[in-house]
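What's in work-v4.cif: mmCIF, C-alpha atoms and all ligand atoms
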data_run
#
loop_
_atom_site.label_atom_id
_atom_site.label_comp_id
_atom_site.auth_asym_id
_atom_site.auth_seq_id
_atom_site.Cartn_x
_atom_site.Cartn_y
_atom_site.Cartn_z
CA MET A 1 -36.83 44.73 46.60
CA SER A 2 -36.74 48.52 46.44
CA ASP A 3 -34.20 50.32 44.25
CA TYR A 4 -32.46 51.59 47.36
CA LYS A 5 -32.15 48.11 48.93
CA LEU A 6 -31.02 46.67 45.60
CA LEU A 7 -28.34 49.34 45.30
CA ARG A 8 -27.22 48.83 48.91
CA SER A 9 -26.93 45.09 48.58
CA THR A 10 -25.14 45.48 45.23
CA GLY A 11 -22.75 47.91 46.91
CA ASP A 12 -22.14 45.48 49.80
CA LEU A 13 -21.41 42.66 47.39
CA ILE A 14 -18.96 44.79 45.42
CA TYR A 15 -17.27 45.92 48.63
CA LYS A 16 -16.89 42.29 49.82
CA PHE A 17 -15.60 41.26 46.40
CA ILE A 18 -12.99 44.03 46.39
CA SER A 19 -11.98 43.39 50.02
CA SER A 20 -11.55 39.65 49.48
CA ASN A 21 -9.31 40.03 46.47
CA LYS A 22 -6.94 42.95 46.18
CA TYR A 23 -6.32 42.13 42.52
CA ALA A 24 -9.97 42.61 41.79
CA SER A 25 -10.02 46.34 42.60
CA ALA A 26 -9.95 47.43 38.99
CA ALA A 27 -12.69 44.98 38.03
CA GLY A 28 -14.75 46.12 41.04
CA LEU A 29 -14.36 49.74 40.11
CA ALA A 30 -15.46 48.99 36.54
CA LEU A 31 -18.52 47.20 37.94
CA VAL A 32 -19.41 50.23 40.08
CA VAL A 33 -19.16 52.47 37.01
CA VAL A 34 -21.36 50.11 34.96
CA CYS A 35 -23.99 49.90 37.76
CA SER A 36 -24.00 53.66 38.11
CA LEU A 37 -24.43 54.14 34.36
CA LEU A 38 -27.27 51.60 34.26
CA TYR A 39 -29.01 53.34 37.16
CA ARG A 40 -28.64 56.73 35.48
CA SER A 41 -29.91 55.48 32.11
CA LYS A 42 -32.97 53.98 33.88
CA ARG A 43 -33.68 57.40 35.40
CA PHE A 44 -33.13 59.10 32.05
CA LEU A 45 -35.55 56.75 30.31
CA SER A 46 -38.27 57.28 32.87
CA GLU A 47 -37.79 61.05 32.74
CA SER A 48 -38.05 61.20 28.95
CA GLY A 49 -41.13 58.97 29.16
CA THR A 50 -42.78 61.51 31.46
CA SER A 51 -41.75 64.35 29.21
CA LYS A 52 -43.23 62.67 26.13
CA LYS A 53 -46.48 62.07 28.00
CA ARG A 54 -46.70 65.72 29.00
CA ARG A 55 -46.11 66.90 25.46
CA LYS A 56 -49.17 65.06 24.23
CA ASN A 57 -51.01 67.88 25.93
CA ILE A 58 -49.86 71.45 25.52
CA SER A 59 -46.61 71.45 27.43
CA LYS A 60 -46.05 74.39 29.73
CA ASP A 61 -42.64 74.59 28.09
CA ALA A 62 -44.16 74.82 24.64
CA LEU A 63 -44.30 78.19 22.95
CA ILE A 64 -47.58 78.82 21.20
CA ASP A 65 -48.88 82.24 20.26
CA VAL A 66 -51.11 83.64 17.54
CA LEU A 67 -51.15 87.25 16.38
CA PHE A 68 -53.96 88.71 14.31
CA PHE A 69 -53.58 91.97 12.46
CA SER A 70 -56.53 93.92 11.07
CA ASN A 71 -57.61 97.14 9.38
CA GLU A 72 -58.15 98.57 12.85
CA ASN A 73 -54.37 98.68 13.20
CA ALA A 74 -54.08 101.16 10.32
CA MET A 75 -53.31 104.08 12.65
CA CYS A 76 -50.91 102.12 14.85
CA GLN A 77 -47.78 102.94 12.85
CA ASP A 78 -47.35 106.08 14.95
CA HIS A 79 -47.43 103.99 18.13
CA ILE A 80 -44.14 102.37 17.14
CA ASN A 81 -42.41 105.73 17.45
CA ASP A 82 -44.34 107.35 20.29
CA GLY A 83 -44.44 104.17 22.38
CA ASN A 84 -48.17 104.53 23.06
CA THR A 85 -50.42 101.51 23.06
CA CYS A 86 -53.89 102.38 21.79
CA SER A 87 -55.56 99.15 22.96
CA ASP A 88 -54.98 95.49 23.74
CA ASP A 89 -55.18 95.03 20.00
CA CYS A 90 -52.56 97.65 19.11
CA GLY A 91 -50.76 96.76 15.87
CA ALA A 92 -47.53 98.29 17.11
CA GLN A 93 -47.59 96.05 20.19
CA LYS A 94 -48.22 92.97 18.06
CA LEU A 95 -45.33 93.88 15.79
CA LEU A 96 -43.05 94.36 18.80
CA THR A 97 -44.21 91.00 20.15
CA LEU A 98 -43.17 89.39 16.88
CA VAL A 99 -39.82 91.20 17.10
CA GLU A 100 -39.36 89.77 20.61
CA TYR A 101 -39.88 86.27 19.26
CA LEU A 102 -37.28 86.82 16.54
CA ASP A 103 -34.95 88.19 19.20
CA MET A 104 -35.06 84.79 20.93
CA ALA A 105 -32.79 83.41 18.20
CA LYS A 106 -29.48 82.33 19.71
CA GLU A 107 -28.04 80.12 16.98
CA SER A 108 -29.96 80.42 13.75
CA LEU A 109 -32.68 82.41 12.06
CA ASP A 110 -33.99 81.10 8.75
CA VAL A 111 -36.40 83.47 7.05
CA CYS A 112 -38.37 82.50 3.95
CA VAL A 113 -40.74 85.37 3.21
CA TYR A 114 -42.14 86.63 -0.08
CA THR A 115 -41.62 90.33 0.67
CA ILE A 116 -39.93 92.20 3.50
CA THR A 117 -40.48 95.93 3.89
CA SER A 118 -41.07 96.11 7.64
CA ILE A 119 -38.27 98.19 9.10
CA LYS A 120 -38.74 96.82 12.62
CA LEU A 121 -38.57 93.21 11.44
CA ALA A 122 -35.60 93.97 9.19
CA GLU A 123 -33.84 95.62 12.15
CA ALA A 124 -34.46 92.49 14.20
CA VAL A 125 -32.96 90.30 11.47
CA LEU A 126 -29.89 92.56 11.20
CA ARG A 127 -29.51 92.73 14.96
CA LYS A 128 -29.43 88.94 15.18
CA PHE A 129 -26.93 88.81 12.31
CA ASN A 130 -24.69 91.33 14.07
CA GLU A 131 -24.91 89.28 17.27
CA GLY A 132 -23.44 86.32 15.40
CA VAL A 133 -26.63 84.35 14.82
CA ALA A 134 -26.52 82.36 11.55
CA VAL A 135 -29.09 84.30 9.54
CA ARG A 136 -30.32 83.14 6.13
CA VAL A 137 -33.01 84.80 4.05
CA ILE A 138 -34.93 83.39 1.09
CA THR A 139 -37.24 85.76 -0.70
CA ASP A 140 -38.96 86.40 -4.01
CA ASP A 141 -36.63 87.80 -6.62
CA SER A 142 -39.26 90.06 -8.17
CA MET A 143 -39.93 91.70 -4.79
CA ALA A 144 -36.31 91.93 -3.63
CA TYR A 145 -35.71 95.34 -5.20
CA GLY A 146 -39.24 96.71 -5.03
CA ASP A 147 -40.27 99.85 -3.11
CA GLY A 148 -39.29 99.71 0.52
CA SER A 149 -37.68 96.27 0.25
CA GLN A 150 -35.21 95.63 3.03
CA ILE A 151 -33.33 93.01 0.99
CA PRO A 152 -30.71 95.52 -0.34
CA LEU A 153 -30.01 96.50 3.28
CA PHE A 154 -29.48 92.84 4.21
CA ARG A 155 -27.14 92.31 1.28
CA ARG A 156 -25.14 95.47 2.01
CA ASN A 157 -24.60 94.23 5.54
CA GLY A 158 -23.51 90.75 4.51
CA VAL A 159 -26.66 88.81 5.40
CA ARG A 160 -26.91 85.77 3.13
CA VAL A 161 -29.93 86.16 0.83
CA ARG A 162 -31.04 83.75 -1.87
CA ALA A 163 -33.62 84.54 -4.54
CA GLU A 164 -33.81 83.45 -8.13
CA PRO A 165 -35.66 84.89 -11.11
CA SER A 166 -38.63 82.67 -11.81
CA GLN A 167 -42.02 82.69 -13.45
CA ASN A 168 -43.35 81.45 -10.13
CA LEU A 169 -43.49 83.25 -6.83
CA MET A 170 -41.49 82.38 -3.73
CA HIS A 171 -44.69 82.99 -1.83
CA HIS A 172 -43.89 81.45 1.57
CA LYS A 173 -44.16 83.47 4.76
CA PHE A 174 -42.33 81.50 7.39
CA ALA A 175 -39.29 81.66 9.61
CA VAL A 176 -37.63 79.10 11.87
CA ILE A 177 -35.85 80.26 15.01
CA ASP A 178 -33.03 78.02 16.26
CA ARG A 179 -34.69 75.18 14.30
CA LYS A 180 -37.14 74.98 17.20
CA VAL A 181 -39.75 77.67 16.80
CA LEU A 182 -41.84 78.19 13.70
CA VAL A 183 -43.30 81.56 12.68
CA THR A 184 -45.84 81.26 9.89
CA GLY A 185 -49.15 82.55 8.59
CA SER A 186 -50.57 84.86 5.97
CA PHE A 187 -48.35 87.67 7.17
CA ASN A 188 -45.76 89.11 4.79
CA TRP A 189 -43.15 91.09 6.65
CA THR A 190 -44.46 94.39 5.35
CA GLN A 191 -45.71 97.68 6.68
CA GLN A 192 -49.01 97.03 4.90
CA ALA A 193 -49.49 93.65 6.59
CA THR A 194 -48.78 95.16 9.99
CA PHE A 195 -50.81 98.34 9.66
CA GLY A 196 -53.84 97.65 7.54
CA ASN A 197 -54.34 94.12 6.32
CA TRP A 198 -56.22 91.29 7.97
CA GLU A 199 -53.40 88.83 8.67
CA ASN A 200 -52.47 85.99 10.98
CA VAL A 201 -49.18 84.71 12.35
CA ILE A 202 -48.70 81.64 14.47
CA ILE A 203 -45.55 81.27 16.55
CA THR A 204 -45.06 77.76 17.84
CA SER A 205 -42.52 75.23 19.02
CA GLU A 206 -44.99 72.36 18.70
CA PRO A 207 -45.58 69.90 17.25
CA GLU A 208 -41.82 69.42 16.93
CA GLU A 209 -42.34 67.30 13.80
CA VAL A 210 -44.06 70.19 12.05
CA VAL A 211 -41.34 72.68 13.01
CA GLN A 212 -38.78 70.17 11.77
CA ARG A 213 -40.52 69.83 8.42
CA PHE A 214 -40.47 73.59 7.88
CA SER A 215 -36.80 73.63 8.84
CA ASP A 216 -36.10 70.80 6.37
CA GLN A 217 -38.03 72.63 3.66
CA PHE A 218 -35.95 75.75 4.25
CA GLU A 219 -32.79 73.66 3.92
CA LYS A 220 -34.07 72.14 0.68
CA LEU A 221 -34.91 75.55 -0.82
CA TRP A 222 -31.58 76.97 0.33
CA GLN A 223 -29.76 74.22 -1.59
CA ILE A 224 -31.95 74.59 -4.68
CA LEU A 225 -31.36 78.36 -4.82
CA ASP A 226 -27.58 78.02 -4.41
ZN ZN B 301 -52.08 101.12 18.26
#
Here is the file; what I need is its structure written in the form of structure tokens.
Amino acid sequence: MSDYKLLRSTGDLIYKFISSNKYASAAGLALVVVCSLLYRSKRFLSESGTSKKRRKNISKDALIDVLFFSNENAMCQDHINDGNTCSDDCGAQKLLTLVEYLDMAKESLDVCVYTITSIKLAEAVLRKFNEGVAVRVITDDSMAYGDGSQIPLFRRNGVRVRAEPSQNLMHHKFAVIDRKVLVTGSFNWTQQATFGNWENVIITSEPEEVVQRFSDQFEKLWQILD
């Protein structure tokens, strides 16, 4: 029997049941609600099954991007201000692409980066903070007040920053956007990394388990540094 026929005959039965006994209306109505919920949950299960299957491959909904910076981007700093793009490989364009990803944050932005001197990236963090996004920053204490560090700017504006003096370095370079998108790689958020160094950054929403583990690690560090 098809789903449609099954539903029709179930409906007919319920109708007959209700018609034959006026005291059974409430029970009949409850039965309709239960049937409807069962039907909907069956649809939900089959939809999530499909979605899981699709995600085994690269889902079209998945966000995956990789940015490579190199010494050829050394002259690209000017292109931030003049808006010119020197090539498909322009460092300024890649930086602005990274800024666009950070700008996707709607709820939270967790940043755990060894050193932050990039003005554009710092502006993006502050912009999100001013929009009401829950921004948290973990960084290395020894770098927090170094030349060009943007950490004092964050602190002056009320962004929560945690860093503790230690013999060891807080050497991570990752961020998690809305607990769903991971930004990670060799890339410190510095002018030097953007306009001179050979660096990589991957921006990805998949695999979800990996993004989750970075998010959990941020949470753990945040508690430890409290
Ligand atoms: Zn350029």
Val159 in chain A surroundings by all atoms listed in the file, 8 Å radius, close-in-sequence under 2 positions cut, as a VMD selection string: chain A and resid 126 129 135 to 137 154 to 157 161
Find the residue from A:Asn168, A:Ser70, A:Gln212, A:Gln77 that sits nearest to ligand ZN 301 (chain B); use only C-alpha atoms and all ligand atoms when measuring. A:Gln77
Could you give me the residues within 10 Å of ligand ZN 301 (chain B), counting all atoms listed in the file, as a ChimeraX atom specification? /A:72-80,83-94,195
Using only C-alpha atoms, which of A:Gln167, A:Asn197, A:Gln217, A:Thr97 sits nearest Asp141 in chain A? A:Gln167
Selected residue, from A:Glu206, A:Ala193, A:Asn200, A:Arg162, that lies nearest to Asn71 in chain A when counting only C-alpha atoms: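 When distances to Asn71 in chain A are compared using only C-alpha atoms, the smallest one comes from A:Ala193.
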Excluding Ile151 in chain A and its own-chain neighbours fewer than 2 positions away, which residues fall within 12 Å of it when counting only C-alpha atoms? Please give them as an MDAnalysis selection string. chainID A and resid 111 113:119 121:123 125:126 136:149 153:163 189
Write the residues you've just listed into a file as an mmCIF file, in the frame of the given file, and include C-alpha atoms for each of them.
data_model
loop_
_atom_site.group_PDB
_atom_site.id
_atom_site.type_symbol
_atom_site.label_atom_id
_atom_site.label_comp_id
_atom_site.auth_asym_id
_atom_site.auth_seq_id
_atom_site.Cartn_x
_atom_site.Cartn_y
_atom_site.Cartn_z
ATOM 1 C CA VAL A 111 -36.400 83.470 7.050
ATOM 2 C CA VAL A 113 -40.740 85.370 3.210
ATOM 3 C CA TYR A 114 -42.140 86.630 -0.080
ATOM 4 C CA THR A 115 -41.620 90.330 0.670
ATOM 5 C CA ILE A 116 -39.930 92.200 3.500
ATOM 6 C CA THR A 117 -40.480 95.930 3.890
ATOM 7 C CA SER A 118 -41.070 96.110 7.640
ATOM 8 C CA ILE A 119 -38.270 98.190 9.100
ATOM 9 C CA LEU A 121 -38.570 93.210 11.440
ATOM 10 C CA ALA A 122 -35.600 93.970 9.190
ATOM 11 C CA GLU A 123 -33.840 95.620 12.150
ATOM 12 C CA VAL A 125 -32.960 90.300 11.470
ATOM 13 C CA LEU A 126 -29.890 92.560 11.200
ATOM 14 C CA ARG A 136 -30.320 83.140 6.130
ATOM 15 C CA VAL A 137 -33.010 84.800 4.050
ATOM 16 C CA ILE A 138 -34.930 83.390 1.090
ATOM 17 C CA THR A 139 -37.240 85.760 -0.700
ATOM 18 C CA ASP A 140 -38.960 86.400 -4.010
ATOM 19 C CA ASP A 141 -36.630 87.800 -6.620
ATOM 20 C CA SER A 142 -39.260 90.060 -8.170
ATOM 21 C CA MET A 143 -39.930 91.700 -4.790
ATOM 22 C CA ALA A 144 -36.310 91.930 -3.630
ATOM 23 C CA TYR A 145 -35.710 95.340 -5.200
ATOM 24 C CA GLY A 146 -39.240 96.710 -5.030
ATOM 25 C CA ASP A 147 -40.270 99.850 -3.110
ATOM 26 C CA GLY A 148 -39.290 99.710 0.520
ATOM 27 C CA SER A 149 -37.680 96.270 0.250
ATOM 28 C CA LEU A 153 -30.010 96.500 3.280
ATOM 29 C CA PHE A 154 -29.480 92.840 4.210
ATOM 30 C CA ARG A 155 -27.140 92.310 1.280
ATOM 31 C CA ARG A 156 -25.140 95.470 2.010
ATOM 32 C CA ASN A 157 -24.600 94.230 5.540
ATOM 33 C CA GLY A 158 -23.510 90.750 4.510
ATOM 34 C CA VAL A 159 -26.660 88.810 5.400
ATOM 35 C CA ARG A 160 -26.910 85.770 3.130
ATOM 36 C CA VAL A 161 -29.930 86.160 0.830
ATOM 37 C CA ARG A 162 -31.040 83.750 -1.870
ATOM 38 C CA ALA A 163 -33.620 84.540 -4.540
ATOM 39 C CA TRP A 189 -43.150 91.090 6.650
#
Return the single residue from A:Glu100, A:Glu219, A:Glu131, A:Glu208 that is closest to Leu182 in chain A, with distances computed using all atoms listed in the file.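 Nearest candidate to Leu182 in chain A out of A:Glu100, A:Glu219, A:Glu131, A:Glu208: A:Glu208.
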Could you rebuild range 105-131 of chain A with N, CA and C atoms and give it back as a PDB file, in the coordinates of the input?
ATOM      1  N   ALA A 105     -33.762  84.216  18.953  1.00  0.00           N
ATOM      2  CA  ALA A 105     -32.790  83.410  18.200  1.00  0.00           C
ATOM      3  C   ALA A 105     -31.399  83.517  18.825  1.00  0.00           C
ATOM      4  N   LYS A 106     -30.834  82.365  19.122  1.00  0.00           N
ATOM      5  CA  LYS A 106     -29.480  82.330  19.710  1.00  0.00           C
ATOM      6  C   LYS A 106     -28.486  81.742  18.712  1.00  0.00           C
ATOM      7  N   GLU A 107     -28.961  80.816  17.883  1.00  0.00           N
ATOM      8  CA  GLU A 107     -28.040  80.120  16.980  1.00  0.00           C
ATOM      9  C   GLU A 107     -28.348  80.380  15.503  1.00  0.00           C
ATOM     10  N   SER A 108     -29.636  80.271  15.174  1.00  0.00           N
ATOM     11  CA  SER A 108     -29.960  80.420  13.750  1.00  0.00           C
ATOM     12  C   SER A 108     -31.307  81.106  13.562  1.00  0.00           C
ATOM     13  N   LEU A 109     -31.414  81.784  12.449  1.00  0.00           N
ATOM     14  CA  LEU A 109     -32.680  82.410  12.060  1.00  0.00           C
ATOM     15  C   LEU A 109     -32.828  82.232  10.557  1.00  0.00           C
ATOM     16  N   ASP A 110     -33.743  81.363  10.165  1.00  0.00           N
ATOM     17  CA  ASP A 110     -33.990  81.100   8.750  1.00  0.00           C
ATOM     18  C   ASP A 110     -35.305  81.765   8.369  1.00  0.00           C
ATOM     19  N   VAL A 111     -35.222  82.692   7.439  1.00  0.00           N
ATOM     20  CA  VAL A 111     -36.400  83.470   7.050  1.00  0.00           C
ATOM     21  C   VAL A 111     -36.730  83.177   5.592  1.00  0.00           C
ATOM     22  N   CYS A 112     -37.944  82.753   5.325  1.00  0.00           N
ATOM     23  CA  CYS A 112     -38.370  82.500   3.950  1.00  0.00           C
ATOM     24  C   CYS A 112     -39.683  83.245   3.753  1.00  0.00           C
ATOM     25  N   VAL A 113     -39.572  84.485   3.287  1.00  0.00           N
ATOM     26  CA  VAL A 113     -40.740  85.370   3.210  1.00  0.00           C
ATOM     27  C   VAL A 113     -40.778  86.073   1.857  1.00  0.00           C
ATOM     28  N   TYR A 114     -41.920  86.063   1.258  1.00  0.00           N
ATOM     29  CA  TYR A 114     -42.140  86.630  -0.080  1.00  0.00           C
ATOM     30  C   TYR A 114     -41.621  88.060  -0.190  1.00  0.00           C
ATOM     31  N   THR A 115     -42.058  88.923   0.745  1.00  0.00           N
ATOM     32  CA  THR A 115     -41.620  90.330   0.670  1.00  0.00           C
ATOM     33  C   THR A 115     -41.405  90.918   2.063  1.00  0.00           C
ATOM     34  N   ILE A 116     -40.301  91.631   2.193  1.00  0.00           N
ATOM     35  CA  ILE A 116     -39.930  92.200   3.500  1.00  0.00           C
ATOM     36  C   ILE A 116     -39.710  93.697   3.354  1.00  0.00           C
ATOM     37  N   THR A 117     -40.650  94.468   3.876  1.00  0.00           N
ATOM     38  CA  THR A 117     -40.480  95.930   3.890  1.00  0.00           C
ATOM     39  C   THR A 117     -40.563  96.494   5.311  1.00  0.00           C
ATOM     40  N   SER A 118     -40.923  95.632   6.266  1.00  0.00           N
ATOM     41  CA  SER A 118     -41.070  96.110   7.640  1.00  0.00           C
ATOM     42  C   SER A 118     -39.702  96.466   8.233  1.00  0.00           C
ATOM     43  N   ILE A 119     -39.558  97.727   8.580  1.00  0.00           N
ATOM     44  CA  ILE A 119     -38.270  98.190   9.100  1.00  0.00           C
ATOM     45  C   ILE A 119     -37.948  97.539  10.437  1.00  0.00           C
ATOM     46  N   LYS A 120     -38.962  97.429  11.292  1.00  0.00           N
ATOM     47  CA  LYS A 120     -38.740  96.820  12.620  1.00  0.00           C
ATOM     48  C   LYS A 120     -38.291  95.364  12.495  1.00  0.00           C
ATOM     49  N   LEU A 121     -38.941  94.618  11.601  1.00  0.00           N
ATOM     50  CA  LEU A 121     -38.570  93.210  11.440  1.00  0.00           C
ATOM     51  C   LEU A 121     -37.198  93.079  10.786  1.00  0.00           C
ATOM     52  N   ALA A 122     -36.922  93.976   9.832  1.00  0.00           N
ATOM     53  CA  ALA A 122     -35.600  93.970   9.190  1.00  0.00           C
ATOM     54  C   ALA A 122     -34.517  94.307  10.215  1.00  0.00           C
ATOM     55  N   GLU A 123     -34.820  95.269  11.096  1.00  0.00           N
ATOM     56  CA  GLU A 123     -33.840  95.620  12.150  1.00  0.00           C
ATOM     57  C   GLU A 123     -33.573  94.420  13.048  1.00  0.00           C
ATOM     58  N   ALA A 124     -34.630  93.675  13.341  1.00  0.00           N
ATOM     59  CA  ALA A 124     -34.460  92.490  14.200  1.00  0.00           C
ATOM     60  C   ALA A 124     -33.562  91.459  13.522  1.00  0.00           C
ATOM     61  N   VAL A 125     -33.782  91.260  12.225  1.00  0.00           N
ATOM     62  CA  VAL A 125     -32.960  90.300  11.470  1.00  0.00           C
ATOM     63  C   VAL A 125     -31.489  90.747  11.479  1.00  0.00           C
ATOM     64  N   LEU A 126     -31.261  92.034  11.221  1.00  0.00           N
ATOM     65  CA  LEU A 126     -29.890  92.560  11.200  1.00  0.00           C
ATOM     66  C   LEU A 126     -29.231  92.493  12.581  1.00  0.00           C
ATOM     67  N   ARG A 127     -30.043  92.778  13.594  1.00  0.00           N
ATOM     68  CA  ARG A 127     -29.510  92.730  14.960  1.00  0.00           C
ATOM     69  C   ARG A 127     -29.015  91.323  15.272  1.00  0.00           C
ATOM     70  N   LYS A 128     -29.819  90.329  14.926  1.00  0.00           N
ATOM     71  CA  LYS A 128     -29.430  88.940  15.180  1.00  0.00           C
ATOM     72  C   LYS A 128     -28.150  88.598  14.411  1.00  0.00           C
ATOM     73  N   PHE A 129     -28.111  89.049  13.144  1.00  0.00           N
ATOM     74  CA  PHE A 129     -26.930  88.810  12.310  1.00  0.00           C
ATOM     75  C   PHE A 129     -25.686  89.412  12.962  1.00  0.00           C
ATOM     76  N   ASN A 130     -25.828  90.649  13.452  1.00  0.00           N
ATOM     77  CA  ASN A 130     -24.690  91.330  14.070  1.00  0.00           C
ATOM     78  C   ASN A 130     -24.288  90.708  15.402  1.00  0.00           C
ATOM     79  N   GLU A 131     -25.236  89.986  16.017  1.00  0.00           N
ATOM     80  CA  GLU A 131     -24.910  89.280  17.270  1.00  0.00           C
ATOM     81  C   GLU A 131     -24.224  87.942  17.000  1.00  0.00           C
TER      82      GLU A 131
END
